[in-house]
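Everything below concerns the one structure shown next.
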Amino acid sequence: MSLLLAAVAGPSLAGTGLVFVSHERSDNIVVLNRADEVVGQFKTCARPRGMRRTPDGKSLIVACGNDDTIAVYDMATRTLVKRFRDIPDPETFDLHPNGRDLYISNEDDSEATVLDLETGEVKAHYATGPEPEGVLATPDGKRVFVASEAANLVHVIDVESGKIVKDILTATRPRRFALSPDGRELWVSCELSGIVDIIDTASLQSKGQIAFLPKGMRREQVTPVDLVMSRDGKTAYVALGRANHVAVVDVASRSVKDYILVGRRPWGLRFSADEKTLYVANGLSDDVSIIETATQKVRKTVPVGMVPYAVVIDD
């Protein structure tokens, strides 16, 4: 049965600037407009976590962990158009540049799978360490990286051969990725070490680390999760989890320039298309902090659903 988006009018969402936030506990997606107002919501399958928009802007892909489902919504009509069932506990994913192959972390099965969005076939299985989460496909489509939280590993999938060609040891509990614009560095948040590990993508070796400690925080409170990097490669932002801050990092010097106080347990980040705004999903305060990157200040905090996880913007 179709699930309809409530209270958002209009025939198309393309370029609207609407912000979509998934929620693990209220099983819905809340929608904000450009004025930072909640303008609608729609129910999803159980425990929606990872989300992304397809490159053509027509569809929203959602991973629903407790329903073992990948759901696809039409963004113009706000209806559910496809369900791919029997995808065990999907958490996050990335879409290969071919626009067809979805690389998914299957948290409870200790594997990553590849779902063909056209046929619905699960066409590959890759064994990982326990609790895989972050997934990143490189822009050239040659590699896919998968983070295993419990094994402290980043698995490197060679797409052409269909094999894992390297397991890279990281600091404790790797969660998410950011790739530098030149493709030379892979940044990995390591939650329980309170750091970001930096991997050289040519050698597939660790080449450095960045540690975080906002004023007044204990080291064990610093639990980085999501991270994003500006298109010019100069600035990165890291959500610090239990420390309730977002770190602002100068990429060239690998130094922390600032800490921005946000809500409780920030773990999802997303830039607007112009990078003037950074949206922060705060998992334990059930809200979204909206940061103006020019001032590095929170302009507004908006209550949303229960346990917000991921943010997607229709820019």
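Going through the structure tokens in order, the chains are called A, B, and so on, while each chain numbers its residues from 1 and the ligands are numbered from 1 in the order shown.
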Mind running region 112-147 of chain A against region 179-187 of chain A at 9 Å and telling me each contacting residue's nearest atom pair with the distance in Å (one decimal), counting only C-alpha atoms, chain and number ascending, as a Markdown table?
```
| residue | atom | partner | partner_atom | distance |
| --- | --- | --- | --- | --- |
| A:Leu136 | CA | A:Leu179 | CA | 8.4 |
| A:Thr138 | CA | A:Gly183 | CA | 7.8 |
| A:Pro139 | CA | A:Gly183 | CA | 8.4 |
```
Problem set entry | Contacts of Val298 (chain A) within 8 Å, only C-alpha atoms, excl. fewer than 2 positions in-chain, as a ChimeraX atom specification | /A:260-262,289-292,296,300-301
Residues within 10 Å of Ile164 (chain A), please, as an mmCIF file with N, CA and C atoms, in the first residue's frame. Count only C-alpha atoms; anything in the same chain fewer than 6 positions from it doesn't count.
```cif
data_model
loop_
_atom_site.group_PDB
_atom_site.id
_atom_site.type_symbol
_atom_site.label_atom_id
_atom_site.label_comp_id
_atom_site.auth_asym_id
_atom_site.auth_seq_id
_atom_site.Cartn_x
_atom_site.Cartn_y
_atom_site.Cartn_z
ATOM 1 N N TYR A 126 29.663 -9.916 0.377
ATOM 2 C CA TYR A 126 31.046 -9.768 0.828
ATOM 3 C C TYR A 126 31.089 -9.951 2.343
ATOM 4 N N ALA A 127 31.847 -10.909 2.805
ATOM 5 C CA ALA A 127 32.004 -11.126 4.244
ATOM 6 C C ALA A 127 32.818 -9.986 4.847
ATOM 7 N N THR A 128 32.313 -9.432 5.955
ATOM 8 C CA THR A 128 33.009 -8.358 6.654
ATOM 9 C C THR A 128 33.217 -8.768 8.107
ATOM 10 N N ARG A 143 36.307 1.257 -6.551
ATOM 11 C CA ARG A 143 36.393 0.691 -5.212
ATOM 12 C C ARG A 143 35.167 1.055 -4.387
ATOM 13 N N VAL A 144 34.897 0.179 -3.406
ATOM 14 C CA VAL A 144 33.902 0.464 -2.385
ATOM 15 C C VAL A 144 34.535 0.155 -1.036
ATOM 16 N N PHE A 145 34.410 1.093 -0.102
ATOM 17 C CA PHE A 145 34.942 0.909 1.251
ATOM 18 C C PHE A 145 33.783 0.599 2.203
ATOM 19 N N VAL A 146 34.010 -0.344 3.113
ATOM 20 C CA VAL A 146 33.011 -0.722 4.115
ATOM 21 C C VAL A 146 33.697 -0.758 5.473
ATOM 22 N N HIS A 155 37.186 -2.508 5.021
ATOM 23 C CA HIS A 155 37.322 -3.478 3.937
ATOM 24 C C HIS A 155 37.303 -2.740 2.605
ATOM 25 N N VAL A 156 38.195 -3.130 1.712
ATOM 26 C CA VAL A 156 38.315 -2.488 0.405
ATOM 27 C C VAL A 156 37.848 -3.478 -0.666
ATOM 28 N N ILE A 157 36.731 -3.149 -1.311
ATOM 29 C CA ILE A 157 36.194 -3.999 -2.369
ATOM 30 C C ILE A 157 36.677 -3.478 -3.718
ATOM 31 N N ASP A 158 37.290 -4.344 -4.494
ATOM 32 C CA ASP A 158 37.634 -4.036 -5.881
ATOM 33 C C ASP A 158 36.433 -4.423 -6.744
#
```
For this session: Write out as JSON, numbers by chain the residues lying within 8 Å of region 191-204 of chain A, counting only C-alpha atoms and excluding same-chain residues fewer than 2 positions away.
Result: {"A": [166, 168, 170, 171, 172, 173, 174, 175, 183, 184, 185, 186, 187, 188, 189, 206, 207, 208, 209, 210, 211, 212, 219, 220, 222, 223, 224, 225, 240]}
The selected residues should be written to file as a PDB file, in the first residue's frame (atoms: C-alpha atoms).
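Contents of result-v1.pdb, freshly written:
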```pdb
ATOM      1  CA  LYS A 166      42.497  -5.271   1.550  1.00  0.00           C
ATOM      2  CA  ILE A 168      42.826  -1.917   6.779  1.00  0.00           C
ATOM      3  CA  THR A 170      41.885   1.384  12.127  1.00  0.00           C
ATOM      4  CA  ALA A 171      41.411   2.806  15.597  1.00  0.00           C
ATOM      5  CA  THR A 172      38.502   1.543  17.682  1.00  0.00           C
ATOM      6  CA  ARG A 173      35.024   1.336  16.144  1.00  0.00           C
ATOM      7  CA  PRO A 174      35.177   2.890  12.664  1.00  0.00           C
ATOM      8  CA  ARG A 175      31.794   4.311  11.648  1.00  0.00           C
ATOM      9  CA  GLY A 183      40.420  11.186  -3.962  1.00  0.00           C
ATOM     10  CA  ARG A 184      43.763  10.852  -2.215  1.00  0.00           C
ATOM     11  CA  GLU A 185      42.563  10.641   1.387  1.00  0.00           C
ATOM     12  CA  LEU A 186      39.832   8.611   3.027  1.00  0.00           C
ATOM     13  CA  TRP A 187      38.791   9.983   6.412  1.00  0.00           C
ATOM     14  CA  VAL A 188      37.282   7.445   8.819  1.00  0.00           C
ATOM     15  CA  SER A 189      35.575   8.362  12.080  1.00  0.00           C
ATOM     16  CA  SER A 206      46.979   4.913   7.544  1.00  0.00           C
ATOM     17  CA  LYS A 207      48.807   8.247   7.195  1.00  0.00           C
ATOM     18  CA  GLY A 208      47.615  10.206  10.214  1.00  0.00           C
ATOM     19  CA  GLN A 209      45.000  10.881  12.851  1.00  0.00           C
ATOM     20  CA  ILE A 210      43.028  13.820  14.229  1.00  0.00           C
ATOM     21  CA  ALA A 211      41.947  13.833  17.888  1.00  0.00           C
ATOM     22  CA  PHE A 212      39.084  15.869  19.375  1.00  0.00           C
ATOM     23  CA  ARG A 219      37.896  12.010  26.354  1.00  0.00           C
ATOM     24  CA  GLU A 220      35.464   9.098  26.705  1.00  0.00           C
ATOM     25  CA  VAL A 222      34.058  12.199  22.413  1.00  0.00           C
ATOM     26  CA  THR A 223      32.527   9.652  20.038  1.00  0.00           C
ATOM     27  CA  PRO A 224      32.776  10.833  16.408  1.00  0.00           C
ATOM     28  CA  VAL A 225      30.337   9.376  13.903  1.00  0.00           C
ATOM     29  CA  LEU A 240      31.216  14.165  17.956  1.00  0.00           C
TER      30      LEU A 240
END
```
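The nearest approach to Val159 (chain A) among the residues A:Lys142, A:Arg270, A:Lys257, A:Arg83, with only C-alpha atoms taken into account, belongs to A:Lys142.
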Give me, as a compact mmCIF listing (two decimals) with all heavy atoms, in the first residue's frame, the residues of region 209-268 of chain A that a backbone DSSP run labels strand (DSSP E or B).
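Just written: states12.txt:
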```txt
# COMPACT_ATOMS: atom_id res chain seq x y z
N GLN A 209 46.20 10.87 12.04
CA GLN A 209 45.00 10.88 12.85
C GLN A 209 44.72 12.29 13.34
O GLN A 209 45.63 13.13 13.44
CB GLN A 209 45.15 9.95 14.07
CG GLN A 209 45.32 8.49 13.73
CD GLN A 209 45.50 7.64 14.98
OE1 GLN A 209 45.92 8.11 16.03
NE2 GLN A 209 45.16 6.35 14.86
N ILE A 210 43.44 12.55 13.63
CA ILE A 210 43.03 13.82 14.23
C ILE A 210 42.23 13.49 15.49
O ILE A 210 41.27 12.71 15.43
CB ILE A 210 42.16 14.65 13.27
CG1 ILE A 210 42.92 14.95 11.98
CG2 ILE A 210 41.71 15.95 13.93
CD1 ILE A 210 42.05 15.53 10.88
N ALA A 211 42.63 14.06 16.62
CA ALA A 211 41.95 13.83 17.89
C ALA A 211 41.08 15.05 18.24
O ALA A 211 41.37 16.18 17.80
CB ALA A 211 42.96 13.57 19.00
N LEU A 227 30.87 12.49 9.21
CA LEU A 227 31.79 13.56 8.84
C LEU A 227 31.56 13.90 7.37
O LEU A 227 31.18 13.06 6.57
CB LEU A 227 33.24 13.16 9.09
CG LEU A 227 33.87 11.98 8.35
CD1 LEU A 227 35.39 11.99 8.57
CD2 LEU A 227 33.33 10.63 8.80
N VAL A 228 31.76 15.19 7.07
CA VAL A 228 31.62 15.68 5.69
C VAL A 228 32.78 16.61 5.40
O VAL A 228 33.36 17.22 6.31
CB VAL A 228 30.28 16.42 5.47
CG1 VAL A 228 29.10 15.47 5.58
CG2 VAL A 228 30.13 17.60 6.42
N MET A 229 33.12 16.72 4.11
CA MET A 229 34.22 17.59 3.69
C MET A 229 33.71 18.51 2.59
O MET A 229 32.95 18.10 1.71
CB MET A 229 35.39 16.76 3.18
CG MET A 229 36.68 17.54 3.02
SD MET A 229 38.10 16.48 2.54
CE MET A 229 38.28 15.44 3.98
N THR A 235 37.81 22.31 4.36
CA THR A 235 37.20 22.23 5.68
C THR A 235 36.40 20.95 5.82
O THR A 235 35.67 20.55 4.91
CB THR A 235 36.26 23.43 5.93
OG1 THR A 235 36.97 24.65 5.71
CG2 THR A 235 35.73 23.42 7.35
N ALA A 236 36.55 20.30 6.97
CA ALA A 236 35.75 19.13 7.29
C ALA A 236 34.99 19.39 8.58
O ALA A 236 35.44 20.15 9.45
CB ALA A 236 36.63 17.90 7.45
N TYR A 237 33.84 18.75 8.67
CA TYR A 237 33.01 18.82 9.89
C TYR A 237 32.82 17.40 10.39
O TYR A 237 32.56 16.48 9.61
CB TYR A 237 31.66 19.46 9.59
CG TYR A 237 31.73 20.91 9.18
CD1 TYR A 237 32.01 21.26 7.87
CD2 TYR A 237 31.52 21.93 10.11
CE1 TYR A 237 32.08 22.59 7.49
CE2 TYR A 237 31.58 23.26 9.73
CZ TYR A 237 31.87 23.59 8.42
OH TYR A 237 31.94 24.91 8.05
N VAL A 238 32.94 17.23 11.73
CA VAL A 238 32.84 15.91 12.33
C VAL A 238 31.85 15.97 13.48
O VAL A 238 31.99 16.78 14.41
CB VAL A 238 34.21 15.43 12.86
CG1 VAL A 238 34.10 14.00 13.39
CG2 VAL A 238 35.28 15.51 11.76
N ALA A 239 30.82 15.12 13.43
CA ALA A 239 29.83 15.03 14.51
C ALA A 239 30.43 14.21 15.64
O ALA A 239 30.83 13.06 15.44
CB ALA A 239 28.55 14.40 14.00
N HIS A 245 28.89 18.17 20.25
CA HIS A 245 29.49 19.22 19.44
C HIS A 245 29.77 18.69 18.03
O HIS A 245 29.86 17.48 17.82
CB HIS A 245 30.84 19.68 20.02
CG HIS A 245 30.73 20.55 21.23
ND1 HIS A 245 30.43 20.06 22.48
CD2 HIS A 245 30.90 21.90 21.38
CE1 HIS A 245 30.42 21.07 23.35
NE2 HIS A 245 30.71 22.19 22.72
N VAL A 246 29.92 19.64 17.10
CA VAL A 246 30.45 19.35 15.78
C VAL A 246 31.81 20.05 15.68
O VAL A 246 31.93 21.24 15.97
CB VAL A 246 29.52 19.85 14.66
CG1 VAL A 246 30.18 19.74 13.30
CG2 VAL A 246 28.22 19.05 14.67
N ALA A 247 32.84 19.29 15.31
CA ALA A 247 34.18 19.85 15.17
C ALA A 247 34.35 20.43 13.76
O ALA A 247 33.87 19.86 12.78
CB ALA A 247 35.24 18.79 15.42
N VAL A 248 35.05 21.57 13.69
CA VAL A 248 35.40 22.20 12.42
C VAL A 248 36.90 22.01 12.23
O VAL A 248 37.70 22.47 13.05
CB VAL A 248 35.05 23.70 12.42
CG1 VAL A 248 35.30 24.31 11.04
CG2 VAL A 248 33.59 23.92 12.83
N VAL A 249 37.29 21.35 11.14
CA VAL A 249 38.69 20.95 10.95
C VAL A 249 39.26 21.60 9.70
O VAL A 249 38.65 21.57 8.63
CB VAL A 249 38.80 19.41 10.82
CG1 VAL A 249 40.26 19.00 10.65
CG2 VAL A 249 38.18 18.73 12.03
N ASP A 250 40.45 22.20 9.85
CA ASP A 250 41.22 22.65 8.70
C ASP A 250 41.92 21.43 8.11
O ASP A 250 42.76 20.79 8.77
CB ASP A 250 42.25 23.70 9.13
CG ASP A 250 43.11 24.14 7.96
OD1 ASP A 250 42.63 24.95 7.15
OD2 ASP A 250 44.26 23.65 7.86
N SER A 255 44.11 20.45 11.78
CA SER A 255 43.91 21.04 13.09
C SER A 255 42.45 21.41 13.29
O SER A 255 41.76 21.79 12.34
CB SER A 255 44.79 22.29 13.26
OG SER A 255 44.45 23.26 12.29
N VAL A 256 41.99 21.30 14.52
CA VAL A 256 40.61 21.65 14.85
C VAL A 256 40.52 23.16 15.05
O VAL A 256 41.18 23.73 15.92
CB VAL A 256 40.14 20.92 16.12
CG1 VAL A 256 38.70 21.31 16.45
CG2 VAL A 256 40.24 19.41 15.94
N LYS A 257 39.70 23.82 14.22
CA LYS A 257 39.56 25.27 14.28
C LYS A 257 38.50 25.71 15.29
O LYS A 257 38.59 26.79 15.85
CB LYS A 257 39.21 25.83 12.90
CG LYS A 257 40.25 25.56 11.84
CD LYS A 257 39.97 26.39 10.59
CE LYS A 257 38.65 25.99 9.94
NZ LYS A 257 38.40 26.73 8.68
N ASP A 258 37.48 24.88 15.48
CA ASP A 258 36.38 25.29 16.34
C ASP A 258 35.55 24.07 16.72
O ASP A 258 35.62 23.03 16.07
CB ASP A 258 35.50 26.31 15.60
CG ASP A 258 34.65 27.17 16.53
OD1 ASP A 258 34.74 26.98 17.77
OD2 ASP A 258 33.88 28.01 16.03
N TYR A 259 34.76 24.24 17.78
CA TYR A 259 33.75 23.27 18.17
C TYR A 259 32.41 24.00 18.26
O TYR A 259 32.32 25.05 18.90
CB TYR A 259 34.07 22.63 19.52
CG TYR A 259 35.30 21.74 19.52
CD1 TYR A 259 36.50 22.19 20.06
CD2 TYR A 259 35.24 20.45 19.00
CE1 TYR A 259 37.63 21.37 20.09
CE2 TYR A 259 36.36 19.63 19.02
CZ TYR A 259 37.54 20.10 19.56
OH TYR A 259 38.66 19.28 19.57
N ILE A 260 31.39 23.44 17.63
CA ILE A 260 30.07 24.06 17.62
C ILE A 260 29.14 23.22 18.48
O ILE A 260 28.94 22.03 18.22
CB ILE A 260 29.51 24.15 16.18
CG1 ILE A 260 30.49 24.89 15.27
CG2 ILE A 260 28.15 24.84 16.18
CD1 ILE A 260 30.15 24.79 13.79
N LEU A 261 28.57 23.85 19.52
CA LEU A 261 27.63 23.15 20.40
C LEU A 261 26.31 22.92 19.66
O LEU A 261 25.72 23.86 19.11
CB LEU A 261 27.38 23.96 21.67
CG LEU A 261 26.43 23.34 22.69
CD1 LEU A 261 27.00 22.05 23.26
CD2 LEU A 261 26.13 24.35 23.81
N PRO A 266 24.93 14.14 18.39
CA PRO A 266 24.89 14.35 16.94
C PRO A 266 25.61 13.22 16.21
O PRO A 266 26.72 12.85 16.57
CB PRO A 266 25.64 15.67 16.76
CG PRO A 266 26.57 15.74 17.92
CD PRO A 266 25.82 15.09 19.05
N TRP A 267 24.93 12.68 15.16
CA TRP A 267 25.61 11.63 14.40
C TRP A 267 25.30 11.65 12.90
O TRP A 267 25.91 10.90 12.14
CB TRP A 267 25.33 10.25 14.96
CG TRP A 267 23.92 9.88 15.23
CD1 TRP A 267 22.81 10.23 14.51
CD2 TRP A 267 23.46 9.06 16.31
NE1 TRP A 267 21.68 9.68 15.07
CE2 TRP A 267 22.04 8.95 16.18
CE3 TRP A 267 24.07 8.39 17.36
CZ2 TRP A 267 21.26 8.21 17.06
CZ3 TRP A 267 23.28 7.67 18.24
CH2 TRP A 267 21.91 7.59 18.09
N GLY A 268 24.41 12.50 12.43
CA GLY A 268 24.16 12.61 11.00
C GLY A 268 24.43 14.02 10.50
O GLY A 268 23.96 14.99 11.11
```
Exercise. Hey, what's within 9 Å of region 61-66 of chain A if we count only C-alpha atoms and toss same-chain stuff fewer than 6 positions away? As a ChimeraX atom specification, please?
Worked result: /A:22,24,27,44-54,72-73,87-93,104,106-107
Filtering to N, CA and C atoms, could you give me those residues as an mmCIF file, in the first residue's frame?
```
data_model
loop_
_atom_site.group_PDB
_atom_site.id
_atom_site.type_symbol
_atom_site.label_atom_id
_atom_site.label_comp_id
_atom_site.auth_asym_id
_atom_site.auth_seq_id
_atom_site.Cartn_x
_atom_site.Cartn_y
_atom_site.Cartn_z
ATOM 1 N N SER A 22 15.388 11.014 8.506
ATOM 2 C CA SER A 22 14.869 9.702 8.911
ATOM 3 C C SER A 22 14.991 9.528 10.415
ATOM 4 N N GLU A 24 14.822 6.586 13.615
ATOM 5 C CA GLU A 24 14.888 5.170 13.943
ATOM 6 C C GLU A 24 13.728 4.694 14.814
ATOM 7 N N ASP A 27 9.798 5.730 13.130
ATOM 8 C CA ASP A 27 9.546 5.055 11.855
ATOM 9 C C ASP A 27 8.930 5.990 10.824
ATOM 10 N N THR A 44 7.247 5.246 7.233
ATOM 11 C CA THR A 44 8.062 4.339 6.448
ATOM 12 C C THR A 44 7.965 2.948 7.050
ATOM 13 N N CYS A 45 8.741 2.035 6.521
ATOM 14 C CA CYS A 45 8.906 0.747 7.175
ATOM 15 C C CYS A 45 9.734 0.950 8.448
ATOM 16 N N ALA A 46 9.941 -0.122 9.200
ATOM 17 C CA ALA A 46 10.460 0.007 10.560
ATOM 18 C C ALA A 46 11.952 0.331 10.605
ATOM 19 N N ARG A 47 12.304 1.277 11.444
ATOM 20 C CA ARG A 47 13.652 1.731 11.719
ATOM 21 C C ARG A 47 14.382 2.232 10.472
ATOM 22 N N PRO A 48 13.882 3.296 9.868
ATOM 23 C CA PRO A 48 14.604 3.881 8.732
ATOM 24 C C PRO A 48 15.902 4.524 9.195
ATOM 25 N N ARG A 49 16.973 4.204 8.529
ATOM 26 C CA ARG A 49 18.280 4.756 8.895
ATOM 27 C C ARG A 49 18.905 5.428 7.669
ATOM 28 N N GLY A 50 19.801 4.730 6.962
ATOM 29 C CA GLY A 50 20.460 5.359 5.828
ATOM 30 C C GLY A 50 19.493 5.768 4.733
ATOM 31 N N MET A 51 19.764 6.926 4.108
ATOM 32 C CA MET A 51 18.939 7.435 3.011
ATOM 33 C C MET A 51 19.836 8.087 1.982
ATOM 34 N N ARG A 52 19.358 8.122 0.739
ATOM 35 C CA ARG A 52 19.965 8.983 -0.260
ATOM 36 C C ARG A 52 19.005 9.157 -1.419
ATOM 37 N N ARG A 53 19.196 10.241 -2.140
ATOM 38 C CA ARG A 53 18.410 10.519 -3.334
ATOM 39 C C ARG A 53 19.133 9.948 -4.543
ATOM 40 N N THR A 54 18.379 9.442 -5.513
ATOM 41 C CA THR A 54 18.998 8.954 -6.743
ATOM 42 C C THR A 54 19.533 10.142 -7.543
ATOM 43 N N VAL A 72 11.931 2.426 -1.767
ATOM 44 C CA VAL A 72 12.164 3.507 -2.711
ATOM 45 C C VAL A 72 10.887 4.325 -2.844
ATOM 46 N N TYR A 73 11.008 5.634 -2.626
ATOM 47 C CA TYR A 73 9.872 6.547 -2.697
ATOM 48 C C TYR A 73 10.008 7.466 -3.901
ATOM 49 N N ILE A 87 16.449 -8.101 2.718
ATOM 50 C CA ILE A 87 17.789 -7.505 2.785
ATOM 51 C C ILE A 87 18.119 -7.420 4.276
ATOM 52 N N PRO A 88 18.909 -8.340 4.823
ATOM 53 C CA PRO A 88 19.041 -8.445 6.280
ATOM 54 C C PRO A 88 19.603 -7.182 6.939
ATOM 55 N N ASP A 89 18.822 -6.615 7.833
ATOM 56 C CA ASP A 89 19.217 -5.487 8.688
ATOM 57 C C ASP A 89 20.084 -4.462 7.965
ATOM 58 N N PRO A 90 19.571 -3.826 6.927
ATOM 59 C CA PRO A 90 20.370 -2.802 6.246
ATOM 60 C C PRO A 90 20.531 -1.569 7.132
ATOM 61 N N GLU A 91 21.740 -1.047 7.207
ATOM 62 C CA GLU A 91 21.966 0.161 8.008
ATOM 63 C C GLU A 91 22.279 1.346 7.105
ATOM 64 N N THR A 92 23.421 1.331 6.459
ATOM 65 C CA THR A 92 23.743 2.399 5.520
ATOM 66 C C THR A 92 24.096 1.774 4.172
ATOM 67 N N PHE A 93 24.291 2.629 3.185
ATOM 68 C CA PHE A 93 24.578 2.140 1.839
ATOM 69 C C PHE A 93 25.167 3.270 1.024
ATOM 70 N N ILE A 104 25.361 -2.224 0.330
ATOM 71 C CA ILE A 104 24.630 -2.106 1.591
ATOM 72 C C ILE A 104 25.416 -2.777 2.707
ATOM 73 N N ASN A 106 25.070 -4.825 5.987
ATOM 74 C CA ASN A 106 24.071 -5.653 6.666
ATOM 75 C C ASN A 106 24.585 -5.943 8.067
ATOM 76 N N GLU A 107 24.141 -5.145 9.015
ATOM 77 C CA GLU A 107 24.774 -5.074 10.323
ATOM 78 C C GLU A 107 24.808 -6.407 11.058
#
```
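Look at Ala273 (chain A): the protein and nucleic acid residues within 12 Å of it, using only C-alpha atoms and passing over chain neighbours fewer than 5 places away, are Gly15, Thr16, Gly17, Leu18, Val19, Ser230, Arg231, Leu278, Tyr279, Val312, Ile313, Asp314 and Asp315 of chain A.
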Could you please take those selected residues and save N, CA, C and O atoms as a PDB file, in the first residue's frame?
```pdb
ATOM      1  N   GLY A  15      14.731  20.393  -6.690  1.00  0.00           N
ATOM      2  CA  GLY A  15      15.271  21.705  -6.419  1.00  0.00           C
ATOM      3  C   GLY A  15      14.525  22.520  -5.383  1.00  0.00           C
ATOM      4  O   GLY A  15      14.723  23.716  -5.271  1.00  0.00           O
ATOM      5  N   THR A  16      13.695  21.865  -4.579  1.00  0.00           N
ATOM      6  CA  THR A  16      12.895  22.603  -3.604  1.00  0.00           C
ATOM      7  C   THR A  16      13.696  23.027  -2.384  1.00  0.00           C
ATOM      8  O   THR A  16      13.262  23.896  -1.638  1.00  0.00           O
ATOM      9  N   GLY A  17      14.810  22.370  -2.138  1.00  0.00           N
ATOM     10  CA  GLY A  17      15.556  22.635  -0.916  1.00  0.00           C
ATOM     11  C   GLY A  17      14.950  21.971   0.305  1.00  0.00           C
ATOM     12  O   GLY A  17      15.410  22.201   1.429  1.00  0.00           O
ATOM     13  N   LEU A  18      13.934  21.137   0.110  1.00  0.00           N
ATOM     14  CA  LEU A  18      13.339  20.427   1.239  1.00  0.00           C
ATOM     15  C   LEU A  18      14.355  19.474   1.865  1.00  0.00           C
ATOM     16  O   LEU A  18      15.174  18.875   1.182  1.00  0.00           O
ATOM     17  N   VAL A  19      14.266  19.345   3.179  1.00  0.00           N
ATOM     18  CA  VAL A  19      15.195  18.540   3.957  1.00  0.00           C
ATOM     19  C   VAL A  19      14.442  17.346   4.526  1.00  0.00           C
ATOM     20  O   VAL A  19      13.411  17.513   5.186  1.00  0.00           O
ATOM     21  N   SER A 230      34.125  19.777   2.651  1.00  0.00           N
ATOM     22  CA  SER A 230      33.701  20.754   1.651  1.00  0.00           C
ATOM     23  C   SER A 230      34.256  20.393   0.281  1.00  0.00           C
ATOM     24  O   SER A 230      35.268  19.712   0.157  1.00  0.00           O
ATOM     25  N   ARG A 231      33.578  20.872  -0.767  1.00  0.00           N
ATOM     26  CA  ARG A 231      33.987  20.530  -2.133  1.00  0.00           C
ATOM     27  C   ARG A 231      35.380  21.031  -2.475  1.00  0.00           C
ATOM     28  O   ARG A 231      36.069  20.457  -3.311  1.00  0.00           O
ATOM     29  N   LEU A 278      24.762  23.573   7.155  1.00  0.00           N
ATOM     30  CA  LEU A 278      25.049  22.205   7.551  1.00  0.00           C
ATOM     31  C   LEU A 278      23.945  21.744   8.491  1.00  0.00           C
ATOM     32  O   LEU A 278      23.672  22.391   9.511  1.00  0.00           O
ATOM     33  N   TYR A 279      23.302  20.635   8.134  1.00  0.00           N
ATOM     34  CA  TYR A 279      22.235  20.069   8.955  1.00  0.00           C
ATOM     35  C   TYR A 279      22.802  18.942   9.806  1.00  0.00           C
ATOM     36  O   TYR A 279      23.540  18.086   9.317  1.00  0.00           O
ATOM     37  N   VAL A 312      18.774  14.014   4.115  1.00  0.00           N
ATOM     38  CA  VAL A 312      18.909  14.154   2.670  1.00  0.00           C
ATOM     39  C   VAL A 312      18.254  15.468   2.270  1.00  0.00           C
ATOM     40  O   VAL A 312      17.198  15.824   2.800  1.00  0.00           O
ATOM     41  N   ILE A 313      18.887  16.194   1.343  1.00  0.00           N
ATOM     42  CA  ILE A 313      18.366  17.497   0.925  1.00  0.00           C
ATOM     43  C   ILE A 313      18.053  17.464  -0.559  1.00  0.00           C
ATOM     44  O   ILE A 313      18.864  16.976  -1.374  1.00  0.00           O
ATOM     45  N   ASP A 314      16.905  17.999  -0.926  1.00  0.00           N
ATOM     46  CA  ASP A 314      16.501  18.063  -2.338  1.00  0.00           C
ATOM     47  C   ASP A 314      16.993  19.371  -2.923  1.00  0.00           C
ATOM     48  O   ASP A 314      16.238  20.325  -3.112  1.00  0.00           O
ATOM     49  N   ASP A 315      18.289  19.424  -3.233  1.00  0.00           N
ATOM     50  CA  ASP A 315      18.904  20.625  -3.814  1.00  0.00           C
ATOM     51  C   ASP A 315      19.213  20.397  -5.277  1.00  0.00           C
ATOM     52  O   ASP A 315      19.424  19.275  -5.703  1.00  0.00           O
TER      53      ASP A 315
END
```
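Distance annotation: of A:Val135, A:Ala76, A:Ala281, A:Val39, the residue with the minimal separation from Ser105 (chain A) is A:Val135; atom set is only C-alpha atoms.
Residues in contact with Met306 (chain A) at 10 Å, where only C-alpha atoms are counted and same-chain residues fewer than 3 positions away are skipped, are listed as Ser22, His23, Glu24, Arg25, Ser26, Asp27, Asn28, Asn282, Gly283, Leu284, Ser285, Asp286, Asp287, Pro303 and Tyr309 of chain A.
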Keeping only C-alpha atoms, take the residues you just selected and write them out as a PDB file, in the first residue's frame.
```pdb
ATOM      1  CA  SER A  22      14.869   9.702   8.911  1.00  0.00           C
ATOM      2  CA  HIS A  23      14.000   8.533  12.440  1.00  0.00           C
ATOM      3  CA  GLU A  24      14.888   5.170  13.943  1.00  0.00           C
ATOM      4  CA  ARG A  25      12.205   5.103  16.643  1.00  0.00           C
ATOM      5  CA  SER A  26       9.206   6.929  15.167  1.00  0.00           C
ATOM      6  CA  ASP A  27       9.546   5.055  11.855  1.00  0.00           C
ATOM      7  CA  ASN A  28       8.982   8.134   9.760  1.00  0.00           C
ATOM      8  CA  ASN A 282      20.909  14.901  16.982  1.00  0.00           C
ATOM      9  CA  GLY A 283      19.978  11.349  17.904  1.00  0.00           C
ATOM     10  CA  LEU A 284      19.187  11.738  21.611  1.00  0.00           C
ATOM     11  CA  SER A 285      17.547  15.179  21.671  1.00  0.00           C
ATOM     12  CA  ASP A 286      15.192  14.364  18.777  1.00  0.00           C
ATOM     13  CA  ASP A 287      16.039  17.500  16.854  1.00  0.00           C
ATOM     14  CA  PRO A 303      12.336  19.362  16.920  1.00  0.00           C
ATOM     15  CA  TYR A 309      19.554   9.384  11.969  1.00  0.00           C
TER      16      TYR A 309
END
```
